[in-house]
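Undergrad: Before anything else, here's the structure in question.
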Amino acid sequence: MIENLGFIAAAYLLVWGGIVVYLISLRRRRERAQRPRT
Amino acid sequence: MIETTAAPFPTIRVRPWLGRLAVASSLIATFMALVWAPTDAVQGDVYRIIYVHVPLAWLAYLAFFVVFLASLGWLWTRRPWFDALAVASAEVGVLFTGMFIVAGSIWAKPTWGVWWTWDPRLVTTAVMFMMYVGYLLLRSLSTDFSRRATRAAVIGVIAVIDIPIVHLSVLWMNSLHQLPTVLRAGGSPSLDAAMGMTLGISVIAFTFVYLAFLAERMSIELERQRRMLEARA
């Protein structure tokens, strides 16, 4: 059994989760930037 | 006189490859960090947080140094391309700093017994984080492109001073934080070879992530600039 597994998992989930959330934010901003103005 | 940003953006063809490289290298780095790298004799497995904490910190330093260079570029040439580079790098740097502070806090709890302590390294890092959050907030205060870019560039040039302060704070003051293990003056890295290799691959992976984010964010900023200048014309 890996000791402190919860801390390791929390750190990795936070980092990769943060990266995925930022990626989604960039995709949305790109769509908004390319949307034709009305 | 502000030049238009309609010139082709050189990273357009590179961007999809950067994304693929970032994903592939991140998968390899995560496998090495969680499975391949040996367990630390003192800390046990929790030390594996180092493989996200340290690369993010180094890439944040790099991101803020790029802000410094791009800010000088704007002040010197007044080319909007430099302002786009500065804001893109600052945003990714703030993201990385926020993540390495929280990852460090998660690592601190089982090793130091606390989530946070008023240690010189932690305090100077928090100051660095706040300065660049301030840099991004400052940009929203003015709608005049040139004035906004110039104010931001001045902050971008001044704020870089905190990077060496953060790195050297553990040498200048009594600190609970570990001393530099790899980037240390007058000595080779004091790290096991397999751990060093895993750290190196992790740094490469996060470098690709940084470059992919930088190129994407910069492209969005250049599109915004182009629209703004079109609207003004």
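Lettering and numbering for the structure tokens are positional, with chains as A, B, ... in the shown order, residues counted from 1 in each chain, and ligands counted from 1 in the shown order.
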Using only C-alpha atoms, which protein or nucleic acid residues come within 12 Å of Arg32 in chain A? Drop anything in the same chain fewer than 2 positions from it, and give the result as a list in words.

TA: Ser25, Leu26, Arg27, Arg28, Arg29, Arg30, Gln34, Arg35, Pro36 and Arg37 of chain A; Ile220, Glu221, Glu223, Arg224 and Arg227 of chain B

Undergrad: Would you kindly return, as a list in words, each protein, DNA or RNA residue with an atom no farther than 8 Å from any atom of Leu222 in chain B, considering only C-alpha atoms and excluding same-chain residues fewer than 4 positions away?

TA: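 Near neighbours after the sequence-gap exclusion: Thr5, Trp81, Ala84, Met218 and Arg226 of chain B.
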
Undergrad: Using only C-alpha atoms, determine which residues of chain B fall within 10 Å of chain A; present them as a count of residues only.

TA: 43

Undergrad: Just how far from CA of Ala215 in chain B is CA of Val23 in chain B, in Å to one decimal?

TA: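 Going from CA of Val23 in chain B over to CA of Ala215 in chain B, I get 15.2 Å.
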
Undergrad: If you count only C-alpha atoms, which residues fall within 9 Å of Ala70 in chain B, apart from same-chain ones fewer than 2 positions away, as a PyMOL selection string?

TA: chain B and resi 65-68+72-75+81-87+153+156-157

Undergrad: Could those residues be written to a file, using all heavy atoms, as a short mmCIF file (atom, residue, chain, number, x, y, z; two decimals), in the first residue's frame?

TA:
data_model
loop_
_atom_site.label_atom_id
_atom_site.label_comp_id
_atom_site.auth_asym_id
_atom_site.auth_seq_id
_atom_site.Cartn_x
_atom_site.Cartn_y
_atom_site.Cartn_z
N PHE B 65 9.99 35.54 -16.80
CA PHE B 65 11.16 36.11 -17.47
C PHE B 65 10.80 36.47 -18.92
O PHE B 65 11.25 37.51 -19.42
CB PHE B 65 12.34 35.14 -17.43
CG PHE B 65 13.64 35.75 -17.90
CD1 PHE B 65 14.24 36.77 -17.16
CD2 PHE B 65 14.23 35.35 -19.08
CE1 PHE B 65 15.42 37.36 -17.60
CE2 PHE B 65 15.41 35.94 -19.53
CZ PHE B 65 16.00 36.94 -18.78
N VAL B 66 9.95 35.65 -19.54
CA VAL B 66 9.47 35.98 -20.90
C VAL B 66 8.62 37.26 -20.85
O VAL B 66 8.71 38.09 -21.76
CB VAL B 66 8.68 34.78 -21.49
CG1 VAL B 66 7.95 35.18 -22.77
CG2 VAL B 66 9.63 33.62 -21.79
N VAL B 67 7.81 37.43 -19.79
CA VAL B 67 7.04 38.68 -19.63
C VAL B 67 8.00 39.87 -19.59
O VAL B 67 7.77 40.89 -20.26
CB VAL B 67 6.19 38.65 -18.33
CG1 VAL B 67 5.49 40.00 -18.11
CG2 VAL B 67 5.16 37.53 -18.38
N PHE B 68 9.09 39.71 -18.84
CA PHE B 68 10.10 40.78 -18.73
C PHE B 68 10.67 41.12 -20.12
O PHE B 68 10.71 42.29 -20.52
CB PHE B 68 11.21 40.30 -17.78
CG PHE B 68 12.47 41.10 -17.82
CD1 PHE B 68 12.52 42.39 -17.29
CD2 PHE B 68 13.63 40.57 -18.38
CE1 PHE B 68 13.71 43.12 -17.33
CE2 PHE B 68 14.81 41.29 -18.41
CZ PHE B 68 14.85 42.58 -17.89
N LEU B 72 10.08 44.58 -22.34
CA LEU B 72 11.16 45.41 -22.90
C LEU B 72 10.95 45.57 -24.41
O LEU B 72 11.14 46.65 -24.96
CB LEU B 72 12.53 44.74 -22.65
CG LEU B 72 13.08 44.79 -21.23
CD1 LEU B 72 14.44 44.09 -21.18
CD2 LEU B 72 13.24 46.23 -20.73
N GLY B 73 10.53 44.47 -25.07
CA GLY B 73 10.29 44.50 -26.51
C GLY B 73 9.21 45.52 -26.87
O GLY B 73 9.36 46.29 -27.82
N TRP B 74 8.12 45.56 -26.08
CA TRP B 74 7.06 46.53 -26.33
C TRP B 74 7.56 47.97 -26.11
O TRP B 74 7.34 48.85 -26.94
CB TRP B 74 5.84 46.27 -25.44
CG TRP B 74 4.93 47.46 -25.36
CD1 TRP B 74 4.86 48.38 -24.36
CD2 TRP B 74 4.01 47.90 -26.37
NE1 TRP B 74 3.95 49.35 -24.66
CE2 TRP B 74 3.42 49.10 -25.90
CE3 TRP B 74 3.64 47.42 -27.63
CZ2 TRP B 74 2.48 49.80 -26.64
CZ3 TRP B 74 2.68 48.13 -28.36
CH2 TRP B 74 2.12 49.30 -27.86
N LEU B 75 8.25 48.18 -24.98
CA LEU B 75 8.72 49.53 -24.67
C LEU B 75 9.71 50.02 -25.73
O LEU B 75 9.78 51.21 -26.03
CB LEU B 75 9.37 49.56 -23.28
CG LEU B 75 8.40 49.32 -22.11
CD1 LEU B 75 9.18 49.18 -20.80
CD2 LEU B 75 7.39 50.45 -21.99
N TRP B 81 2.76 42.71 -31.03
CA TRP B 81 3.14 41.30 -30.89
C TRP B 81 3.79 41.05 -29.52
O TRP B 81 3.51 40.04 -28.87
CB TRP B 81 4.13 40.95 -32.01
CG TRP B 81 4.43 39.50 -32.13
CD1 TRP B 81 3.76 38.57 -32.87
CD2 TRP B 81 5.51 38.78 -31.49
NE1 TRP B 81 4.34 37.33 -32.73
CE2 TRP B 81 5.41 37.44 -31.89
CE3 TRP B 81 6.53 39.14 -30.61
CZ2 TRP B 81 6.30 36.46 -31.45
CZ3 TRP B 81 7.42 38.17 -30.17
CH2 TRP B 81 7.30 36.85 -30.60
N PHE B 82 4.62 42.00 -29.07
CA PHE B 82 5.30 41.84 -27.78
C PHE B 82 4.30 41.91 -26.63
O PHE B 82 4.44 41.18 -25.64
CB PHE B 82 6.39 42.91 -27.60
CG PHE B 82 7.62 42.64 -28.41
CD1 PHE B 82 7.98 43.45 -29.48
CD2 PHE B 82 8.43 41.56 -28.12
CE1 PHE B 82 9.11 43.19 -30.22
CE2 PHE B 82 9.58 41.29 -28.86
CZ PHE B 82 9.92 42.11 -29.91
N ASP B 83 3.31 42.78 -26.76
CA ASP B 83 2.29 42.87 -25.71
C ASP B 83 1.48 41.58 -25.62
O ASP B 83 1.17 41.10 -24.53
CB ASP B 83 1.37 44.07 -25.98
CG ASP B 83 0.35 44.26 -24.87
OD1 ASP B 83 0.77 44.47 -23.72
OD2 ASP B 83 -0.86 44.16 -25.14
N ALA B 84 1.18 41.00 -26.80
CA ALA B 84 0.44 39.72 -26.81
C ALA B 84 1.28 38.62 -26.15
O ALA B 84 0.76 37.81 -25.38
CB ALA B 84 0.09 39.33 -28.24
N LEU B 85 2.58 38.62 -26.45
CA LEU B 85 3.47 37.62 -25.84
C LEU B 85 3.51 37.80 -24.32
O LEU B 85 3.44 36.83 -23.55
CB LEU B 85 4.88 37.74 -26.43
CG LEU B 85 5.96 36.84 -25.84
CD1 LEU B 85 5.62 35.37 -26.03
CD2 LEU B 85 7.32 37.14 -26.49
N ALA B 86 3.59 39.07 -23.88
CA ALA B 86 3.68 39.35 -22.43
C ALA B 86 2.44 38.89 -21.69
O ALA B 86 2.53 38.20 -20.67
CB ALA B 86 3.92 40.84 -22.21
N VAL B 87 1.26 39.24 -22.21
CA VAL B 87 0.03 38.88 -21.49
C VAL B 87 -0.18 37.37 -21.51
O VAL B 87 -0.61 36.77 -20.50
CB VAL B 87 -1.20 39.65 -22.02
CG1 VAL B 87 -1.58 39.23 -23.43
CG2 VAL B 87 -2.40 39.44 -21.10
N ALA B 153 3.75 46.86 -19.28
CA ALA B 153 5.16 46.57 -19.56
C ALA B 153 6.07 47.08 -18.42
O ALA B 153 7.04 46.41 -18.06
CB ALA B 153 5.57 47.20 -20.88
N GLY B 156 5.76 44.63 -15.79
CA GLY B 156 6.43 43.40 -16.22
C GLY B 156 7.94 43.48 -16.08
O GLY B 156 8.58 42.47 -15.80
N VAL B 157 8.49 44.68 -16.26
CA VAL B 157 9.95 44.86 -16.11
C VAL B 157 10.33 44.87 -14.63
O VAL B 157 11.32 44.26 -14.24
CB VAL B 157 10.40 46.17 -16.82
CG1 VAL B 157 11.83 46.52 -16.45
CG2 VAL B 157 10.26 46.02 -18.33
#

Undergrad: Go through B:Phe206, B:Phe31, B:Tyr132, B:Trp112 and flag the residue nearest Ala159 in chain B, using only C-alpha atoms for the distances.

TA: B:Tyr132

Undergrad: Between CA of Val123 in chain B and CA of Phe64 in chain B, measure the distance and give it in Å to one decimal.

TA: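 Separating CA of Val123 in chain B from CA of Phe64 in chain B is a distance of 17.4 Å.
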
Undergrad: Skipping near chain neighbours, those fewer than 6 positions away, what residues fall within 8 Å of Val94 in chain B using only C-alpha atoms, listed as a ChimeraX atom specification?

TA: /B:60,129,132-133

Undergrad: At what distance in Å, to one decimal, does CA of Ala126 in chain B lie from CA of Ser140 in chain B?

TA: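 Value for the CA of Ser140 in chain B-CA of Ala126 in chain B distance: 21.7 Å.
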